[in-house]
Amino acid sequence: MKRLFISALCAAAFTGAAAQEQHSDTIQSVYDTTEKVMYDNDKYKVETNHFWDNWFVSAGFGGQIIFGNHDKQVKFLDRVAPALDIAVGKWFTPGIGVRLMYSGLSVKGATQKEGHGEFPTHSTGVDVPGKGGDGYWLMKQKFKFYNLHLDALFNMSNILYGYNEKRVYNCSPYFGLGWTRVWESPQSMEVSANVGILNSFRLNDALDLNLDIRGAYVSDRFDGELGGRWGEGIWSATIGLTYKFKPRGWDRSKTIIRTHDRTSELKAMQDKLNDMQAQLAQRKRDSITVVKTLAAANFVIFKIDTWDLTNEARVQLSLFAETIKKADPNVVYVITGYADKGTGSVERNVILSKNRARVVYECLVNEFGVPKKQLRVDHKGGVDNMFYNDPRLSRAVITRVVEENDAQ
């Protein structure tokens with residue numbers, strides 16, 4: 001038995017390392033986000049099981065027999081008694097589960113008569129037929145008991161051959177510990193060791209037909225008569241049904257990959273800057289008394305809840321700085337920080353917009369040599385969507401020429 005169990009585990013480990021196949025579904029969603037779902041076709045891999053998944057209850061009825069002190073003196077069929085099983089359990093993976101089971105009703109055997117050893121225990125008052133038609137030194141015995149045991153289940157069909165929800169037959173060896181109690185005097189309470197095989201036959205998604213073959217080992221005190229044995233065994237076989245609660249079964253393992261195309265976002269920003277440049281150019285053409293060379297407005301966006309400049313933003317600022325230094329040195333530019341009003345608190349958005357304006361100012365002055373006298377810093381806190389109804393474009397700093405009225 002031990003070699004068989006080790007071999008099964010080795011086989012499961014080997015097959016689990018076998019080559020895998022995958023297929024994928026690609027979904028194009030709005031905002032230029034592409035979602036790719038990779039399904040793993042390896043039958044040994046499934047999605048993680050949640051706590052309330054794959055619970056079950058079962059009940060069965062059959063027969064059981066005790067192997068006690070006087071087995072040879074009582075016919076085998078006279079020792080068979082009814083057996084009842086009721087259990088609740090859960091499968092954690094397709095191959096490993098646990099259940100709590102009540103097993104019991106009664107057992108039948110034999111006990112010594114008074115005057116032939118110990119006082120008779122659980123006697124029915126009926127003699128066991130003996131030699132010469134005289135009555136024997138034994139009386140028939142019957143008593144009620146229950147065995148409450150916790151079992152670890154191993155579905156070897158899924159472990160060895162992979163998960164298959166449509167498989168008709170599953171073989172699940174199990175073992176566990178329990179607590180037995182004899183109700184009638186003399187009462188007995190003993191620890192039990194349980195081992196067996198649960199044979200399941202699929203009827204539909206919710207129901208299985210079960211053949212449960214089990215053995216339990218208990219102390220020699222179990223039947224109330226000490227006979228010099230190491231212990232006593234109870235063997236049973238029951239047939240019953242298992243109901244599997246929803247959600248039941250396991251989903252295939254999958255990986256989701258999402259990619260975001262920023263092309264349309266950058267195009268919208270560029271269009272906006274072009275519009276601003278066109279407006280500045282028109283102002284130049286409309287100016288009669290004053291002609292100034294100006295740097296076009298600059299637009300820098302930030303990631304949500306940060307004021308860190310990216311390398312791309314620094315490149316934009318370096319080009320903007322070159323234009324400022326070549327343009328009219330008397331022109332003043334205002335650096336205005338913004339935050340997305342729909343994200344974060346009012347206080348947080350004020351901090352974000354203020355710090356975003358500050359880091360742009362420090363970059364232009366300290367890194368690219370723009371004169372401080374040509375720069376002003378301002379912040380607006382959280383604002384409504386400024387461009388294209390997109391909150392991401394409000395997490396920004398805009399640097400533009402100070403209006404005449406503002407400059408005075």
# chains A, B, ... in the order shown; residues from 1 in each chain; ligands from 1
>>> residues_around(residues="Arg400 (chain A)", least_positions_apart="5", cutoff="6 Å", atoms="only C-alpha atoms", output="NGL selection string")
:A and (297 or 333-334)
>>> closest_residue(among="A:Pro82, A:Gly240, A:Pro391, A:Gly95", to="Asn170 (chain A)", atoms="only C-alpha atoms")
A:Gly95
>>> residues_around(residues="Ser123 (chain A)", least_positions_apart="3", cutoff="12 Å", atoms="only C-alpha atoms", output="JSON list (two decimals) with all heavy atoms, in the first residue's frame")
[["chain", "number", "residue", "atom", "x", "y", "z"],
["A", 107, "VAL", "N", -23.52, -3.12, 15.84],
["A", 107, "VAL", "CA", -22.71, -4.28, 15.44],
["A", 107, "VAL", "C", -23.20, -5.50, 16.23],
["A", 107, "VAL", "O", -23.82, -5.38, 17.29],
["A", 107, "VAL", "CB", -21.21, -4.04, 15.70],
["A", 107, "VAL", "CG1", -20.65, -3.01, 14.76],
["A", 107, "VAL", "CG2", -20.96, -3.61, 17.14],
["A", 108, "LYS", "N", -22.90, -6.69, 15.69],
["A", 108, "LYS", "CA", -23.31, -7.94, 16.33],
["A", 108, "LYS", "C", -22.13, -8.88, 16.45],
["A", 108, "LYS", "O", -21.28, -8.95, 15.57],
["A", 108, "LYS", "CB", -24.42, -8.61, 15.50],
["A", 108, "LYS", "CG", -25.70, -7.80, 15.42],
["A", 108, "LYS", "CD", -26.86, -8.60, 14.86],
["A", 108, "LYS", "CE", -26.64, -8.99, 13.42],
["A", 108, "LYS", "NZ", -27.84, -9.67, 12.85],
["A", 109, "GLY", "N", -22.09, -9.65, 17.58],
["A", 109, "GLY", "CA", -21.03, -10.61, 17.80],
["A", 109, "GLY", "C", -21.43, -11.59, 18.88],
["A", 109, "GLY", "O", -22.57, -12.05, 18.94],
["A", 110, "ALA", "N", -20.48, -11.88, 19.78],
["A", 110, "ALA", "CA", -20.73, -12.81, 20.88],
["A", 110, "ALA", "C", -20.00, -12.35, 22.12],
["A", 110, "ALA", "O", -18.97, -11.68, 22.04],
["A", 110, "ALA", "CB", -20.30, -14.22, 20.49],
["A", 111, "THR", "N", -20.53, -12.74, 23.31],
["A", 111, "THR", "CA", -19.91, -12.41, 24.58],
["A", 111, "THR", "C", -20.02, -13.63, 25.50],
["A", 111, "THR", "O", -20.89, -14.48, 25.33],
["A", 111, "THR", "CB", -20.59, -11.20, 25.23],
["A", 111, "THR", "OG1", -19.91, -10.90, 26.46],
["A", 111, "THR", "CG2", -22.06, -11.45, 25.52],
["A", 112, "GLN", "N", -19.13, -13.70, 26.48],
["A", 112, "GLN", "CA", -19.12, -14.85, 27.38],
["A", 112, "GLN", "C", -20.30, -14.82, 28.35],
["A", 112, "GLN", "O", -20.74, -13.76, 28.77],
["A", 112, "GLN", "CB", -17.81, -14.86, 28.17],
["A", 112, "GLN", "CG", -16.56, -14.98, 27.31],
["A", 112, "GLN", "CD", -15.32, -15.03, 28.15],
["A", 112, "GLN", "OE1", -15.13, -16.00, 28.89],
["A", 112, "GLN", "NE2", -14.50, -13.99, 28.05],
["A", 113, "LYS", "N", -20.77, -16.05, 28.68],
["A", 113, "LYS", "CA", -21.81, -16.14, 29.70],
["A", 113, "LYS", "C", -21.25, -15.84, 31.09],
["A", 113, "LYS", "O", -20.04, -15.92, 31.31],
["A", 113, "LYS", "CB", -22.39, -17.55, 29.72],
["A", 113, "LYS", "CG", -23.31, -17.88, 28.55],
["A", 113, "LYS", "CD", -23.91, -19.26, 28.76],
["A", 113, "LYS", "CE", -24.89, -19.62, 27.67],
["A", 113, "LYS", "NZ", -25.49, -20.97, 27.90],
["A", 114, "GLU", "N", -22.18, -15.53, 31.97],
["A", 114, "GLU", "CA", -21.77, -15.33, 33.36],
["A", 114, "GLU", "C", -21.23, -16.65, 33.91],
["A", 114, "GLU", "O", -21.82, -17.72, 33.72],
["A", 114, "GLU", "CB", -22.97, -14.87, 34.18],
["A", 114, "GLU", "CG", -22.62, -14.50, 35.61],
["A", 114, "GLU", "CD", -23.81, -13.97, 36.37],
["A", 114, "GLU", "OE1", -24.92, -13.91, 35.79],
["A", 114, "GLU", "OE2", -23.62, -13.61, 37.54],
["A", 119, "PHE", "N", -18.27, -10.86, 33.12],
["A", 119, "PHE", "CA", -19.73, -10.77, 33.07],
["A", 119, "PHE", "C", -20.16, -10.47, 31.64],
["A", 119, "PHE", "O", -19.50, -9.70, 30.95],
["A", 119, "PHE", "CB", -20.18, -9.65, 34.02],
["A", 119, "PHE", "CG", -21.66, -9.64, 34.25],
["A", 119, "PHE", "CD1", -22.24, -10.48, 35.20],
["A", 119, "PHE", "CD2", -22.47, -8.80, 33.50],
["A", 119, "PHE", "CE1", -23.61, -10.45, 35.41],
["A", 119, "PHE", "CE2", -23.84, -8.77, 33.72],
["A", 119, "PHE", "CZ", -24.41, -9.61, 34.66],
["A", 120, "PRO", "N", -21.22, -11.04, 31.13],
["A", 120, "PRO", "CA", -21.62, -10.83, 29.73],
["A", 120, "PRO", "C", -21.87, -9.35, 29.44],
["A", 120, "PRO", "O", -22.49, -8.65, 30.24],
["A", 120, "PRO", "CB", -22.90, -11.64, 29.59],
["A", 120, "PRO", "CG", -23.40, -11.85, 30.99],
["A", 120, "PRO", "CD", -22.18, -11.93, 31.85],
["A", 126, "VAL", "N", -29.58, -14.62, 24.16],
["A", 126, "VAL", "CA", -29.72, -15.82, 23.32],
["A", 126, "VAL", "C", -28.38, -16.53, 23.26],
["A", 126, "VAL", "O", -27.34, -15.92, 22.99],
["A", 126, "VAL", "CB", -30.19, -15.44, 21.91],
["A", 126, "VAL", "CG1", -30.30, -16.69, 21.03],
["A", 126, "VAL", "CG2", -31.53, -14.71, 21.97],
["A", 127, "ASP", "N", -28.42, -17.86, 23.53],
["A", 127, "ASP", "CA", -27.19, -18.65, 23.49],
["A", 127, "ASP", "C", -26.67, -18.78, 22.07],
["A", 127, "ASP", "O", -27.43, -18.84, 21.09],
["A", 127, "ASP", "CB", -27.44, -20.05, 24.03],
["A", 127, "ASP", "CG", -27.60, -20.05, 25.54],
["A", 127, "ASP", "OD1", -27.22, -19.04, 26.17],
["A", 127, "ASP", "OD2", -28.10, -21.06, 26.08],
["A", 128, "VAL", "N", -25.34, -18.82, 21.98],
["A", 128, "VAL", "CA", -24.71, -19.24, 20.73],
["A", 128, "VAL", "C", -24.71, -20.76, 20.72],
["A", 128, "VAL", "O", -24.19, -21.38, 21.65],
["A", 128, "VAL", "CB", -23.28, -18.69, 20.63],
["A", 128, "VAL", "CG1", -22.59, -19.25, 19.40],
["A", 128, "VAL", "CG2", -23.28, -17.17, 20.61],
["A", 138, "LEU", "N", -21.11, -19.13, 25.24],
["A", 138, "LEU", "CA", -21.25, -17.78, 24.69],
["A", 138, "LEU", "C", -22.71, -17.40, 24.49],
["A", 138, "LEU", "O", -23.55, -18.27, 24.27],
["A", 138, "LEU", "CB", -20.53, -17.66, 23.33],
["A", 138, "LEU", "CG", -19.01, -17.84, 23.32],
["A", 138, "LEU", "CD1", -18.50, -17.80, 21.90],
["A", 138, "LEU", "CD2", -18.33, -16.76, 24.16],
["A", 139, "MET", "N", -22.95, -16.11, 24.55],
["A", 139, "MET", "CA", -24.27, -15.59, 24.23],
["A", 139, "MET", "C", -24.12, -14.58, 23.09],
["A", 139, "MET", "O", -23.08, -13.92, 22.95],
["A", 139, "MET", "CB", -24.89, -14.91, 25.45],
["A", 139, "MET", "CG", -25.04, -15.81, 26.64],
["A", 139, "MET", "SD", -25.75, -14.95, 28.08],
["A", 139, "MET", "CE", -27.45, -14.80, 27.53],
["A", 140, "LYS", "N", -25.18, -14.45, 22.29],
["A", 140, "LYS", "CA", -25.14, -13.49, 21.20],
["A", 140, "LYS", "C", -25.10, -12.06, 21.76],
["A", 140, "LYS", "O", -25.66, -11.76, 22.81],
["A", 140, "LYS", "CB", -26.36, -13.65, 20.29],
["A", 140, "LYS", "CG", -26.33, -14.96, 19.50],
["A", 140, "LYS", "CD", -27.50, -15.05, 18.54],
["A", 140, "LYS", "CE", -27.42, -16.35, 17.72],
["A", 140, "LYS", "NZ", -28.54, -16.46, 16.75],
["A", 141, "GLN", "N", -24.44, -11.19, 20.98],
["A", 141, "GLN", "CA", -24.18, -9.84, 21.45],
["A", 141, "GLN", "C", -24.60, -8.84, 20.36],
["A", 141, "GLN", "O", -24.43, -9.05, 19.17],
["A", 141, "GLN", "CB", -22.68, -9.66, 21.72],
["A", 141, "GLN", "CG", -22.26, -8.29, 22.22],
["A", 141, "GLN", "CD", -20.75, -8.17, 22.28],
["A", 141, "GLN", "OE1", -20.07, -8.37, 21.28],
["A", 141, "GLN", "NE2", -20.23, -7.89, 23.46],
["A", 142, "LYS", "N", -25.18, -7.69, 20.80],
["A", 142, "LYS", "CA", -25.54, -6.61, 19.88],
["A", 142, "LYS", "C", -25.55, -5.30, 20.66],
["A", 142, "LYS", "O", -26.10, -5.24, 21.77],
["A", 142, "LYS", "CB", -26.91, -6.86, 19.24],
["A", 142, "LYS", "CG", -27.31, -5.80, 18.24],
["A", 142, "LYS", "CD", -28.66, -6.12, 17.60],
["A", 142, "LYS", "CE", -29.05, -5.06, 16.59],
["A", 142, "LYS", "NZ", -30.36, -5.35, 15.94],
["A", 143, "PHE", "N", -24.95, -4.26, 20.07],
["A", 143, "PHE", "CA", -24.98, -2.96, 20.75],
["A", 143, "PHE", "C", -24.85, -1.84, 19.71],
["A", 143, "PHE", "O", -24.33, -2.03, 18.61],
["A", 143, "PHE", "CB", -23.87, -2.84, 21.80],
["A", 143, "PHE", "CG", -22.48, -3.05, 21.26],
["A", 143, "PHE", "CD1", -21.71, -1.98, 20.82],
["A", 143, "PHE", "CD2", -21.93, -4.33, 21.22],
["A", 143, "PHE", "CE1", -20.43, -2.17, 20.34],
["A", 143, "PHE", "CE2", -20.64, -4.53, 20.74],
["A", 143, "PHE", "CZ", -19.89, -3.45, 20.30],
["A", 184, "GLU", "N", -24.68, 2.07, 24.98],
["A", 184, "GLU", "CA", -25.27, 1.23, 26.00],
["A", 184, "GLU", "C", -24.23, 0.79, 27.02],
["A", 184, "GLU", "O", -23.05, 0.70, 26.72],
["A", 184, "GLU", "CB", -25.91, 0.01, 25.34],
["A", 184, "GLU", "CG", -26.96, 0.41, 24.28],
["A", 184, "GLU", "CD", -27.34, -0.76, 23.40],
["A", 184, "GLU", "OE1", -26.70, -1.82, 23.53],
["A", 184, "GLU", "OE2", -28.26, -0.61, 22.58],
["A", 185, "SER", "N", -24.70, 0.50, 28.21],
["A", 185, "SER", "CA", -23.80, 0.07, 29.29],
["A", 185, "SER", "C", -23.36, -1.37, 29.04],
["A", 185, "SER", "O", -24.17, -2.24, 28.68],
["A", 185, "SER", "CB", -24.51, 0.17, 30.65],
["A", 185, "SER", "OG", -23.65, -0.21, 31.68],
["A", 186, "PRO", "N", -22.05, -1.65, 29.18],
["A", 186, "PRO", "CA", -20.98, -0.74, 29.57],
["A", 186, "PRO", "C", -20.57, 0.16, 28.41],
["A", 186, "PRO", "O", -20.29, -0.33, 27.32],
["A", 186, "PRO", "CB", -19.83, -1.66, 29.96],
["A", 186, "PRO", "CG", -20.06, -2.89, 29.15],
["A", 186, "PRO", "CD", -21.55, -3.05, 29.03],
["A", 223, "ASP", "N", -15.91, -3.36, 22.70],
["A", 223, "ASP", "CA", -17.12, -4.16, 22.92],
["A", 223, "ASP", "C", -17.37, -4.47, 24.39],
["A", 223, "ASP", "O", -18.26, -5.25, 24.73],
["A", 223, "ASP", "CB", -17.06, -5.45, 22.10],
["A", 223, "ASP", "CG", -15.91, -6.36, 22.54],
["A", 223, "ASP", "OD1", -15.13, -5.96, 23.43],
["A", 223, "ASP", "OD2", -15.79, -7.46, 21.98],
["A", 224, "GLY", "N", -16.55, -3.87, 25.30],
["A", 224, "GLY", "CA", -16.75, -4.07, 26.72],
["A", 224, "GLY", "C", -16.13, -5.33, 27.27],
["A", 224, "GLY", "O", -16.23, -5.62, 28.47],
["A", 225, "GLU", "N", -15.46, -6.11, 26.42],
["A", 225, "GLU", "CA", -14.86, -7.36, 26.87],
["A", 225, "GLU", "C", -13.41, -7.40, 26.45],
["A", 225, "GLU", "O", -13.09, -7.33, 25.26],
["A", 225, "GLU", "CB", -15.60, -8.56, 26.26],
["A", 225, "GLU", "CG", -15.03, -9.91, 26.71],
["A", 225, "GLU", "CD", -15.81, -11.07, 26.13],
["A", 225, "GLU", "OE1", -17.03, -10.92, 25.92],
["A", 225, "GLU", "OE2", -15.18, -12.12, 25.87]]
>>> residues_around(residues="Asp212 (chain A)", least_positions_apart="2", cutoff="10 Å", atoms="only C-alpha atoms", output="number ranges by chain")
A: 60-62, 85, 172-173, 196-200, 209-210, 214, 236-240
>>> closest_residue(among="A:Val46, A:Met269, A:Leu100, A:Val168", to="His149 (chain A)", atoms="only C-alpha atoms")
A:Leu100
>>> residues_around(residues="region 337-353 of chain A", least_positions_apart="3", cutoff="7 Å", atoms="only C-alpha atoms", output="MDAnalysis selection string")
chainID A and resid 305:307 356:357 378:384 391 394:398
>>> closest_residue(among="A:Glu265, A:Trp91, A:Phe368, A:Val332", to="Ile301 (chain A)", atoms="only C-alpha atoms")
A:Glu265
>>> closest_residue(among="A:Val300, A:Arg99, A:Met189, A:Val80", to="Leu273 (chain A)", atoms="only C-alpha atoms")
A:Val300
>>> residues_around(residues="Val57 (chain A)", least_positions_apart="5", cutoff="10 Å", atoms="only C-alpha atoms", output="PyMOL selection string")
chain A and resi 86-90+99-101+241-245
>>> select_by_dssp(residues="region 40-260 of chain A", states="alpha helix (DSSP H)", output="PDB file with N, CA and C atoms, in the first residue's frame")
ATOM      1  N   MET A 156      -7.505   9.848  -6.833  1.00  0.00           N
ATOM      2  CA  MET A 156      -6.390   9.384  -7.642  1.00  0.00           C
ATOM      3  C   MET A 156      -6.690   9.470  -9.131  1.00  0.00           C
ATOM      4  N   SER A 157      -7.961   9.460  -9.506  1.00  0.00           N
ATOM      5  CA  SER A 157      -8.307   9.599 -10.924  1.00  0.00           C
ATOM      6  C   SER A 157      -7.873  10.967 -11.436  1.00  0.00           C
ATOM      7  N   ASN A 158      -8.136  12.033 -10.650  1.00  0.00           N
ATOM      8  CA  ASN A 158      -7.719  13.375 -11.057  1.00  0.00           C
ATOM      9  C   ASN A 158      -6.227  13.591 -10.881  1.00  0.00           C
ATOM     10  N   ILE A 159      -5.643  13.011  -9.825  1.00  0.00           N
ATOM     11  CA  ILE A 159      -4.213  13.175  -9.585  1.00  0.00           C
ATOM     12  C   ILE A 159      -3.400  12.534 -10.702  1.00  0.00           C
ATOM     13  N   LEU A 160      -3.792  11.340 -11.132  1.00  0.00           N
ATOM     14  CA  LEU A 160      -3.013  10.601 -12.127  1.00  0.00           C
ATOM     15  C   LEU A 160      -3.342  11.002 -13.558  1.00  0.00           C
ATOM     16  N   TYR A 161      -4.614  11.299 -13.830  1.00  0.00           N
ATOM     17  CA  TYR A 161      -5.029  11.501 -15.218  1.00  0.00           C
ATOM     18  C   TYR A 161      -5.535  12.916 -15.514  1.00  0.00           C
TER      19      TYR A 161
END
>>> residues_around(residues="Leu309 (chain A)", least_positions_apart="3", cutoff="8 Å", atoms="only C-alpha atoms", output="number ranges by chain")
A: 302, 313-314, 359-360
>>> write_last_selection(atoms="N, CA and C atoms", output="tab-separated table (two decimals), in the first residue's frame")
chain	number	residue	atom	x	y	z
A	302	PHE	N	1.37	64.14	-15.89
A	302	PHE	CA	1.95	63.36	-14.81
A	302	PHE	C	1.08	62.13	-14.56
A	313	ALA	N	9.10	63.92	-20.52
A	313	ALA	CA	8.75	65.28	-20.13
A	313	ALA	C	10.00	66.18	-20.08
A	314	ARG	N	11.10	65.65	-19.62
A	314	ARG	CA	12.34	66.44	-19.55
A	314	ARG	C	12.82	66.83	-20.95
A	359	VAL	N	8.25	71.39	-9.75
A	359	VAL	CA	9.30	70.57	-10.37
A	359	VAL	C	9.56	71.01	-11.81
A	360	VAL	N	8.53	71.52	-12.51
A	360	VAL	CA	8.75	72.04	-13.87
A	360	VAL	C	9.60	73.32	-13.80
>>> select_by_dssp(residues="region 152-276 of chain A", states="strand (DSSP E or B)", output="ChimeraX atom specification")
/A:152-154,169-182,188-202,207-218,232-244,252,254-260
>>> atom_distance(atom1="CA of Asn194 (chain A)", atom2="CA of Gly178 (chain A)")
7.2 Å
>>> atom_distance(atom1="CA of Ala216 (chain A)", atom2="CA of Gly125 (chain A)")
27.4 Å
>>> atom_distance(atom1="CA of Tyr388 (chain A)", atom2="CA of Arg376 (chain A)")
27.0 Å
